[in-house]
file structure_12.cif (mmCIF, C-alpha atoms, pLDDT in the B column; chains and numbers go by the auth columns)
data_final
#
loop_
_atom_site.group_PDB
_atom_site.id
_atom_site.type_symbol
_atom_site.label_atom_id
_atom_site.label_comp_id
_atom_site.label_asym_id
_atom_site.label_seq_id
_atom_site.Cartn_x
_atom_site.Cartn_y
_atom_site.Cartn_z
_atom_site.B_iso_or_equiv
_atom_site.auth_seq_id
_atom_site.auth_asym_id
ATOM 1 C CA MET A 1 99.876 117.906 117.723 68.00 1 A
ATOM 2 C CA TYR A 2 100.295 114.634 115.904 80.00 2 A
ATOM 3 C CA PRO A 3 101.492 112.091 118.445 80.00 3 A
ATOM 4 C CA ASP A 4 101.652 109.299 115.879 87.00 4 A
ATOM 5 C CA PRO A 5 105.140 109.556 114.351 88.00 5 A
ATOM 6 C CA ARG A 6 103.851 108.167 111.052 92.00 6 A
ATOM 7 C CA VAL A 7 101.730 111.282 110.637 94.00 7 A
ATOM 8 C CA ALA A 8 104.580 113.639 111.446 93.00 8 A
ATOM 9 C CA GLU A 9 106.837 111.740 109.091 93.00 9 A
ATOM 10 C CA PHE A 10 104.325 111.880 106.259 95.00 10 A
ATOM 11 C CA ILE A 11 103.686 115.589 106.733 96.00 11 A
ATOM 12 C CA MET A 12 107.366 116.468 106.765 94.00 12 A
ATOM 13 C CA ARG A 13 108.116 114.366 103.715 94.00 13 A
ATOM 14 C CA HIS A 14 105.300 115.616 101.531 96.00 14 A
ATOM 15 C CA PHE A 15 104.253 119.090 102.653 97.00 15 A
ATOM 16 C CA ILE A 16 105.371 122.489 103.730 97.00 16 A
ATOM 17 C CA PRO A 17 103.416 122.523 107.012 97.00 17 A
ATOM 18 C CA VAL A 18 101.787 125.679 108.361 97.00 18 A
ATOM 19 C CA LYS A 19 100.085 125.939 111.763 95.00 19 A
ATOM 20 C CA ILE A 20 97.416 128.643 112.019 95.00 20 A
ATOM 21 C CA HIS A 21 95.885 129.334 115.414 93.00 21 A
ATOM 22 C CA ILE A 22 92.564 131.168 115.584 87.00 22 A
ATOM 23 C CA LYS A 23 93.823 133.638 118.179 88.00 23 A
ATOM 24 C CA GLU A 24 97.078 134.378 116.391 91.00 24 A
ATOM 25 C CA GLN A 25 95.804 134.767 112.834 92.00 25 A
ATOM 26 C CA PRO A 26 92.020 135.278 112.834 90.00 26 A
ATOM 27 C CA GLY A 27 92.107 136.848 109.366 94.00 27 A
ATOM 28 C CA MET A 28 93.336 133.612 107.835 95.00 28 A
ATOM 29 C CA TRP A 29 90.187 131.849 108.907 91.00 29 A
ATOM 30 C CA LYS A 30 88.046 134.179 106.818 93.00 30 A
ATOM 31 C CA ARG A 31 90.510 134.152 103.941 96.00 31 A
ATOM 32 C CA PHE A 32 90.293 130.368 103.643 97.00 32 A
ATOM 33 C CA SER A 33 86.626 130.090 104.720 96.00 33 A
ATOM 34 C CA VAL A 34 87.420 127.850 107.664 95.00 34 A
ATOM 35 C CA ARG A 35 84.286 127.013 109.683 93.00 35 A
ATOM 36 C CA TRP A 36 85.406 124.415 112.202 92.00 36 A
ATOM 37 C CA THR A 37 88.483 123.025 113.904 92.00 37 A
ATOM 38 C CA PRO A 38 90.538 121.172 113.272 94.00 38 A
ATOM 39 C CA THR A 39 90.596 121.891 109.562 96.00 39 A
ATOM 40 C CA ILE A 40 93.426 120.945 107.243 97.00 40 A
ATOM 41 C CA LEU A 41 93.755 122.366 103.759 98.00 41 A
ATOM 42 C CA VAL A 42 96.024 120.609 101.287 98.00 42 A
ATOM 43 C CA MET A 43 97.167 123.256 98.848 98.00 43 A
ATOM 44 C CA SER A 44 98.666 122.658 95.424 97.00 44 A
ATOM 45 C CA PRO A 45 102.027 124.267 94.722 97.00 45 A
ATOM 46 C CA ASP A 46 100.180 126.951 92.785 96.00 46 A
ATOM 47 C CA GLY A 47 98.187 127.843 95.906 96.00 47 A
ATOM 48 C CA GLU A 48 94.938 126.182 94.865 97.00 48 A
ATOM 49 C CA GLU A 49 92.992 124.210 97.467 98.00 49 A
ATOM 50 C CA ALA A 50 93.167 120.520 96.613 98.00 50 A
ATOM 51 C CA ARG A 51 91.603 118.928 99.680 98.00 51 A
ATOM 52 C CA ARG A 52 89.734 120.067 102.782 98.00 52 A
ATOM 53 C CA ILE A 53 89.796 117.818 105.850 97.00 53 A
ATOM 54 C CA GLU A 54 87.415 118.947 108.591 97.00 54 A
ATOM 55 C CA GLY A 55 87.230 117.462 112.073 95.00 55 A
ATOM 56 C CA PHE A 56 89.425 115.118 114.065 93.00 56 A
ATOM 57 C CA LEU A 57 90.505 111.863 112.466 95.00 57 A
ATOM 58 C CA PRO A 58 92.432 108.903 113.896 94.00 58 A
ATOM 59 C CA ALA A 59 95.959 108.535 112.553 94.00 59 A
ATOM 60 C CA ASP A 60 95.206 105.962 109.846 95.00 60 A
ATOM 61 C CA GLU A 61 92.270 107.961 108.520 96.00 61 A
ATOM 62 C CA LEU A 62 94.286 111.173 108.584 97.00 62 A
ATOM 63 C CA LEU A 63 97.194 109.589 106.740 96.00 63 A
ATOM 64 C CA ALA A 64 94.804 108.310 104.094 97.00 64 A
ATOM 65 C CA GLN A 65 93.153 111.709 103.736 98.00 65 A
ATOM 66 C CA LEU A 66 96.506 113.476 103.390 98.00 66 A
ATOM 67 C CA GLU A 67 97.575 111.021 100.708 97.00 67 A
ATOM 68 C CA LEU A 68 94.235 111.509 99.014 98.00 68 A
ATOM 69 C CA GLY A 69 95.040 115.202 99.064 98.00 69 A
ATOM 70 C CA LEU A 70 98.275 114.557 97.196 98.00 70 A
ATOM 71 C CA GLY A 71 96.227 112.735 94.581 98.00 71 A
ATOM 72 C CA PHE A 72 94.039 115.777 94.126 98.00 72 A
ATOM 73 C CA VAL A 73 97.114 117.990 93.881 98.00 73 A
ATOM 74 C CA ALA A 74 98.113 115.862 90.894 98.00 74 A
ATOM 75 C CA VAL A 75 94.558 116.041 89.511 97.00 75 A
ATOM 76 C CA ASN A 76 94.643 119.823 89.739 95.00 76 A
ATOM 77 C CA HIS A 77 97.709 119.765 87.521 95.00 77 A
ATOM 78 C CA LYS A 78 96.245 117.110 85.195 96.00 78 A
ATOM 79 C CA GLN A 79 99.103 114.797 86.129 97.00 79 A
ATOM 80 C CA TRP A 80 96.893 111.779 85.657 98.00 80 A
ATOM 81 C CA LYS A 81 99.463 109.022 86.049 97.00 81 A
ATOM 82 C CA GLU A 82 100.782 110.511 89.289 97.00 82 A
ATOM 83 C CA ALA A 83 97.223 111.039 90.503 98.00 83 A
ATOM 84 C CA GLU A 84 96.305 107.422 89.831 98.00 84 A
ATOM 85 C CA GLN A 85 99.424 106.275 91.689 98.00 85 A
ATOM 86 C CA GLU A 86 98.584 108.420 94.719 97.00 86 A
ATOM 87 C CA PHE A 87 94.998 107.207 94.809 98.00 87 A
ATOM 88 C CA ARG A 88 96.011 103.570 94.420 98.00 88 A
ATOM 89 C CA ALA A 89 98.483 104.034 97.270 97.00 89 A
ATOM 90 C CA VAL A 90 95.575 105.056 99.491 98.00 90 A
ATOM 91 C CA VAL A 91 93.571 101.978 98.499 98.00 91 A
ATOM 92 C CA ASP A 92 96.547 99.655 98.943 97.00 92 A
ATOM 93 C CA GLY A 93 98.003 101.265 102.057 97.00 93 A
ATOM 94 C CA HIS A 94 94.818 102.186 103.900 97.00 94 A
ATOM 95 C CA PRO A 95 92.185 99.805 102.539 98.00 95 A
ATOM 96 C CA ASP A 96 89.941 99.956 105.598 97.00 96 A
ATOM 97 C CA THR A 97 89.658 103.728 105.845 97.00 97 A
ATOM 98 C CA ASP A 98 86.813 105.945 104.707 97.00 98 A
ATOM 99 C CA ALA A 99 89.196 107.467 102.183 98.00 99 A
ATOM 100 C CA ALA A 100 89.810 104.171 100.386 98.00 100 A
ATOM 101 C CA PRO A 101 86.589 103.934 98.334 98.00 101 A
ATOM 102 C CA GLU A 102 86.912 107.578 97.339 98.00 102 A
ATOM 103 C CA ALA A 103 90.502 106.896 96.320 98.00 103 A
ATOM 104 C CA LEU A 104 89.454 103.868 94.295 98.00 104 A
ATOM 105 C CA TYR A 105 86.903 105.992 92.466 98.00 105 A
ATOM 106 C CA TRP A 106 89.375 108.729 91.658 98.00 106 A
ATOM 107 C CA ALA A 107 92.064 106.251 90.658 98.00 107 A
ATOM 108 C CA GLY A 108 89.696 105.019 87.981 97.00 108 A
ATOM 109 C CA VAL A 109 88.750 108.532 86.939 98.00 109 A
ATOM 110 C CA SER A 110 92.437 109.465 86.700 98.00 110 A
ATOM 111 C CA LYS A 111 93.187 106.398 84.610 98.00 111 A
ATOM 112 C CA TYR A 112 90.338 107.291 82.282 97.00 112 A
ATOM 113 C CA SER A 113 91.385 110.942 82.110 98.00 113 A
ATOM 114 C CA ALA A 114 94.912 109.988 81.020 97.00 114 A
ATOM 115 C CA ASN A 115 93.787 108.653 77.654 94.00 115 A
ATOM 116 C CA HIS A 116 89.970 108.674 77.649 96.00 116 A
ATOM 117 C CA ASP A 117 89.826 104.916 77.313 94.00 117 A
ATOM 118 C CA ALA A 118 86.317 103.961 78.407 94.00 118 A
ATOM 119 C CA ALA A 119 87.624 100.583 79.540 95.00 119 A
ATOM 120 C CA ALA A 120 89.015 102.298 82.628 96.00 120 A
ATOM 121 C CA LEU A 121 85.528 103.301 83.703 96.00 121 A
ATOM 122 C CA GLN A 122 84.195 99.827 83.008 96.00 122 A
ATOM 123 C CA GLU A 123 86.964 98.418 85.229 96.00 123 A
ATOM 124 C CA LEU A 124 86.045 100.929 87.889 97.00 124 A
ATOM 125 C CA GLY A 125 82.411 99.926 87.872 97.00 125 A
ATOM 126 C CA GLN A 126 83.369 96.274 88.122 96.00 126 A
ATOM 127 C CA ALA A 127 85.810 96.981 90.951 97.00 127 A
ATOM 128 C CA PHE A 128 83.039 98.534 93.006 97.00 128 A
ATOM 129 C CA ARG A 129 80.913 95.459 92.549 96.00 129 A
ATOM 130 C CA GLN A 130 83.586 93.511 94.422 96.00 130 A
ATOM 131 C CA ARG A 131 84.550 95.898 97.227 96.00 131 A
ATOM 132 C CA TYR A 132 83.223 98.950 99.026 98.00 132 A
ATOM 133 C CA THR A 133 79.824 97.970 97.685 97.00 133 A
ATOM 134 C CA ASP A 134 77.848 99.815 100.370 97.00 134 A
ATOM 135 C CA THR A 135 79.491 103.195 99.853 97.00 135 A
ATOM 136 C CA GLY A 136 78.343 106.272 98.026 97.00 136 A
ATOM 137 C CA TRP A 137 81.331 105.876 95.737 98.00 137 A
ATOM 138 C CA ALA A 138 79.990 102.514 94.595 97.00 138 A
ATOM 139 C CA LYS A 139 76.728 104.270 93.739 97.00 139 A
ATOM 140 C CA ARG A 140 78.609 106.843 91.699 97.00 140 A
ATOM 141 C CA ALA A 141 80.435 104.065 89.844 97.00 141 A
ATOM 142 C CA SER A 142 77.307 101.977 89.326 95.00 142 A
ATOM 143 C CA ILE A 143 76.720 103.555 85.928 95.00 143 A
ATOM 144 C CA TRP A 144 79.795 101.749 84.578 94.00 144 A
ATOM 145 C CA GLY A 145 80.633 98.118 84.052 78.00 145 A
ATOM 146 C CA GLY A 146 77.097 96.798 84.244 68.00 146 A
ATOM 147 C CA MET B 1 109.483 128.714 112.893 43.00 1 B
ATOM 148 C CA GLN B 2 109.585 126.153 115.653 44.00 2 B
ATOM 149 C CA ARG B 3 112.917 124.367 115.835 42.00 3 B
ATOM 150 C CA THR B 4 111.840 121.320 117.769 43.00 4 B
ATOM 151 C CA ARG B 5 112.732 118.731 115.192 48.00 5 B
ATOM 152 C CA HIS B 6 113.337 115.311 116.636 50.00 6 B
ATOM 153 C CA TYR B 7 114.334 112.202 114.856 53.00 7 B
ATOM 154 C CA ARG B 8 113.817 108.536 115.325 55.00 8 B
ATOM 155 C CA LEU B 9 115.244 105.541 113.564 55.00 9 B
ATOM 156 C CA LEU B 10 112.861 104.098 111.015 53.00 10 B
ATOM 157 C CA GLU B 11 113.327 100.458 110.087 57.00 11 B
ATOM 158 C CA THR B 12 112.392 99.670 106.509 55.00 12 B
ATOM 159 C CA PRO B 13 113.105 96.775 104.140 59.00 13 B
ATOM 160 C CA GLY B 14 115.669 99.040 102.538 59.00 14 B
ATOM 161 C CA GLY B 15 117.540 99.657 105.756 59.00 15 B
ATOM 162 C CA THR B 16 117.481 102.055 108.668 56.00 16 B
ATOM 163 C CA HIS B 17 117.216 105.775 108.196 53.00 17 B
ATOM 164 C CA MET B 18 116.479 108.880 110.224 55.00 18 B
ATOM 165 C CA ALA B 19 112.830 109.904 110.204 58.00 19 B
ATOM 166 C CA TYR B 20 110.972 112.942 111.462 62.00 20 B
ATOM 167 C CA ALA B 21 109.108 112.354 114.723 68.00 21 B
ATOM 168 C CA THR B 22 107.652 115.845 115.035 85.00 22 B
ATOM 169 C CA VAL B 23 106.373 118.415 112.585 90.00 23 B
ATOM 170 C CA GLU B 24 108.449 121.522 112.046 91.00 24 B
ATOM 171 C CA TRP B 25 105.752 124.145 111.634 93.00 25 B
ATOM 172 C CA THR B 26 105.900 127.574 110.144 94.00 26 B
ATOM 173 C CA ARG B 27 103.288 130.253 110.949 94.00 27 B
ATOM 174 C CA ASP B 28 103.766 132.392 107.846 96.00 28 B
ATOM 175 C CA VAL B 29 101.088 131.362 105.360 97.00 29 B
ATOM 176 C CA ASP B 30 102.146 133.555 102.466 97.00 30 B
ATOM 177 C CA ALA B 31 105.820 132.656 102.813 98.00 31 B
ATOM 178 C CA ALA B 32 104.889 128.971 102.812 98.00 32 B
ATOM 179 C CA LEU B 33 102.667 129.345 99.736 98.00 33 B
ATOM 180 C CA GLU B 34 105.439 131.189 97.924 98.00 34 B
ATOM 181 C CA ARG B 35 107.943 128.513 98.912 97.00 35 B
ATOM 182 C CA GLY B 36 105.521 125.870 97.705 98.00 36 B
ATOM 183 C CA ARG B 37 105.239 127.644 94.363 97.00 37 B
ATOM 184 C CA GLN B 38 108.990 127.915 93.975 98.00 38 B
ATOM 185 C CA GLU B 39 109.779 124.378 95.111 97.00 39 B
ATOM 186 C CA ARG B 40 106.665 122.844 93.478 96.00 40 B
ATOM 187 C CA ARG B 41 105.665 121.294 96.794 96.00 41 B
ATOM 188 C CA ALA B 42 102.234 120.958 98.345 98.00 42 B
ATOM 189 C CA VAL B 43 101.437 123.101 101.373 98.00 43 B
ATOM 190 C CA MET B 44 99.453 121.890 104.363 98.00 44 B
ATOM 191 C CA LEU B 45 97.491 124.535 106.264 97.00 45 B
ATOM 192 C CA ASP B 46 96.514 123.263 109.705 96.00 46 B
ATOM 193 C CA PHE B 47 93.885 125.438 111.399 96.00 47 B
ATOM 194 C CA SER B 48 93.617 124.927 115.129 92.00 48 B
ATOM 195 C CA ALA B 49 91.912 126.373 118.174 89.00 49 B
ATOM 196 C CA ALA B 50 93.720 124.091 120.588 79.00 50 B
ATOM 197 C CA PRO B 51 96.105 125.618 123.143 67.00 51 B
ATOM 198 C CA ALA B 52 99.621 125.820 121.757 57.00 52 B
#

call {"tool": "encode", "arguments": {"input": "structure_12.cif", "output": "structure tokens"}}
result
Amino acid sequence: MYPDPRVAEFIMRHFIPVKIHIKEQPGMWKRFSVRWTPTILVMSPDGEEARRIEGFLPADELLAQLELGLGFVAVNHKQWKEAEQEFRAVVDGHPDTDAAPEALYWAGVSKYSANHDAAALQELGQAFRQRYTDTGWAKRASIWGG
Amino acid sequence: MQRTRHYRLLETPGGTHMAYATVEWTRDVDAALERGRQERRAVMLDFSAAPA
């Protein structure tokens, strides 16, 4: 159940949603290596897992994670411009969520991957010196833009 | 498939439009994955142990 209508709206607009209950379809749990509930898997159109979301999240965090998942769907297909847009939408739309620094990191990686311009990674390193400085994603980006 | 779709009016800068207020779930994983492949849409698998 997603009582927040923003979540329902986002799911219906962007996904084909499937509900799998442990008692109804126990085989699916093993097939997708699910180890806890709730678990959400964002699957690419080709059936590849793009994002795994484990445990309850408040609506804003869940929305950010689902949008992050769409970014990784684009990454899986090497659609770098679309991926960067999805990740930047997480940062801009959900800047205070746990997903935001991860999205900022991957936005920079996607920008770099589009044309292998090292300036994108330098920008990314500098961006993490200004925000989300205490996160693990800032540590990952600390190698750039020094 | 559950047919419990409800709508609400969503106010946006671009005007008012109908928006989904509930999720219309399917239970058939393989059918959903095949539909996702054909329509080039992402699929969301929601695993739950909560009472229906």

call {"tool": "residues_around", "arguments": {"input": "structure_12.cif", "residues": "range 38-43 of chain A", "least_positions_apart": "2", "cutoff": "8 Å", "atoms": "all atoms listed in the file", "output": "MDAnalysis selection string"}}
result
(chainID A and resid 34 36 45:56 66 69:70 73) or (chainID B and resid 42:49)

call {"tool": "write_last_selection", "arguments": {"input": "structure_12.cif", "atoms": "C-alpha atoms", "output": "mmCIF file, keeping the file's coordinate frame"}}
result
data_model
loop_
_atom_site.group_PDB
_atom_site.id
_atom_site.type_symbol
_atom_site.label_atom_id
_atom_site.label_comp_id
_atom_site.auth_asym_id
_atom_site.auth_seq_id
_atom_site.Cartn_x
_atom_site.Cartn_y
_atom_site.Cartn_z
ATOM 1 C CA VAL A 34 87.420 127.850 107.664
ATOM 2 C CA TRP A 36 85.406 124.415 112.202
ATOM 3 C CA PRO A 45 102.027 124.267 94.722
ATOM 4 C CA ASP A 46 100.180 126.951 92.785
ATOM 5 C CA GLY A 47 98.187 127.843 95.906
ATOM 6 C CA GLU A 48 94.938 126.182 94.865
ATOM 7 C CA GLU A 49 92.992 124.210 97.467
ATOM 8 C CA ALA A 50 93.167 120.520 96.613
ATOM 9 C CA ARG A 51 91.603 118.928 99.680
ATOM 10 C CA ARG A 52 89.734 120.067 102.782
ATOM 11 C CA ILE A 53 89.796 117.818 105.850
ATOM 12 C CA GLU A 54 87.415 118.947 108.591
ATOM 13 C CA GLY A 55 87.230 117.462 112.073
ATOM 14 C CA PHE A 56 89.425 115.118 114.065
ATOM 15 C CA LEU A 66 96.506 113.476 103.390
ATOM 16 C CA GLY A 69 95.040 115.202 99.064
ATOM 17 C CA LEU A 70 98.275 114.557 97.196
ATOM 18 C CA VAL A 73 97.114 117.990 93.881
ATOM 19 C CA ALA B 42 102.234 120.958 98.345
ATOM 20 C CA VAL B 43 101.437 123.101 101.373
ATOM 21 C CA MET B 44 99.453 121.890 104.363
ATOM 22 C CA LEU B 45 97.491 124.535 106.264
ATOM 23 C CA ASP B 46 96.514 123.263 109.705
ATOM 24 C CA PHE B 47 93.885 125.438 111.399
ATOM 25 C CA SER B 48 93.617 124.927 115.129
ATOM 26 C CA ALA B 49 91.912 126.373 118.174
#

call {"tool": "atom_distance", "arguments": {"input": "structure_12.cif", "atom1": "CA of His94 in chain A", "atom2": "CA of Glu61 in chain A"}}
result
7.8 Å

call {"tool": "closest_residue", "arguments": {"input": "structure_12.cif", "among": "A:Pro26, A:Pro3, A:Pro17, A:Pro58", "to": "chain B", "atoms": "only C-alpha atoms"}}
result
A:Pro17

call {"tool": "resolve_selection", "arguments": {"input": "structure_12.cif", "expression": "the PyMOL selection byres ((chain B) within 8 of (chain A))", "output": "list in words"}}
result
Ala19, Tyr20, Ala21, Thr22, Val23, Glu24, Trp25, Thr26, Arg27, Asp28, Val29, Ala32, Leu33, Gly36, Arg37, Gln38, Glu39, Arg40, Arg41, Ala42, Val43, Met44, Leu45, Asp46, Phe47, Ser48, Ala49 and Ala50 of chain B

call {"tool": "axis_aligned_box", "arguments": {"input": "structure_12.cif", "around": "range 43-49 of chain B", "padding_each_side": "4 Å", "output": "lines of an AutoDock Vina configuration file"}}
result
center_x = 96.7
center_y = 124.1
center_z = 109.8
size_x = 17.5
size_y = 12.5
size_z = 24.8

call {"tool": "atom_distance", "arguments": {"input": "structure_12.cif", "atom1": "CA of Glu84 in chain A", "atom2": "CA of Ser110 in chain A"}}
result
5.4 Å

call {"tool": "residues_around", "arguments": {"input": "structure_12.cif", "residues": "range 113-117 of chain A", "least_positions_apart": "2", "cutoff": "9 Å", "atoms": "all atoms listed in the file", "output": "PyMOL selection string"}}
result
chain A and resi 78-81+108-111+119-121

call {"tool": "atom_distance", "arguments": {"input": "structure_12.cif", "atom1": "CA of Ala99 in chain A", "atom2": "CA of Phe128 in chain A"}}
result
14.2 Å

call {"tool": "residues_around", "arguments": {"input": "structure_12.cif", "residues": "Thr135 in chain A", "least_positions_apart": "4", "cutoff": "10 Å", "atoms": "only C-alpha atoms", "output": "MDAnalysis selection string"}}
result
chainID A and resid 98 101:102 128 131 139:140
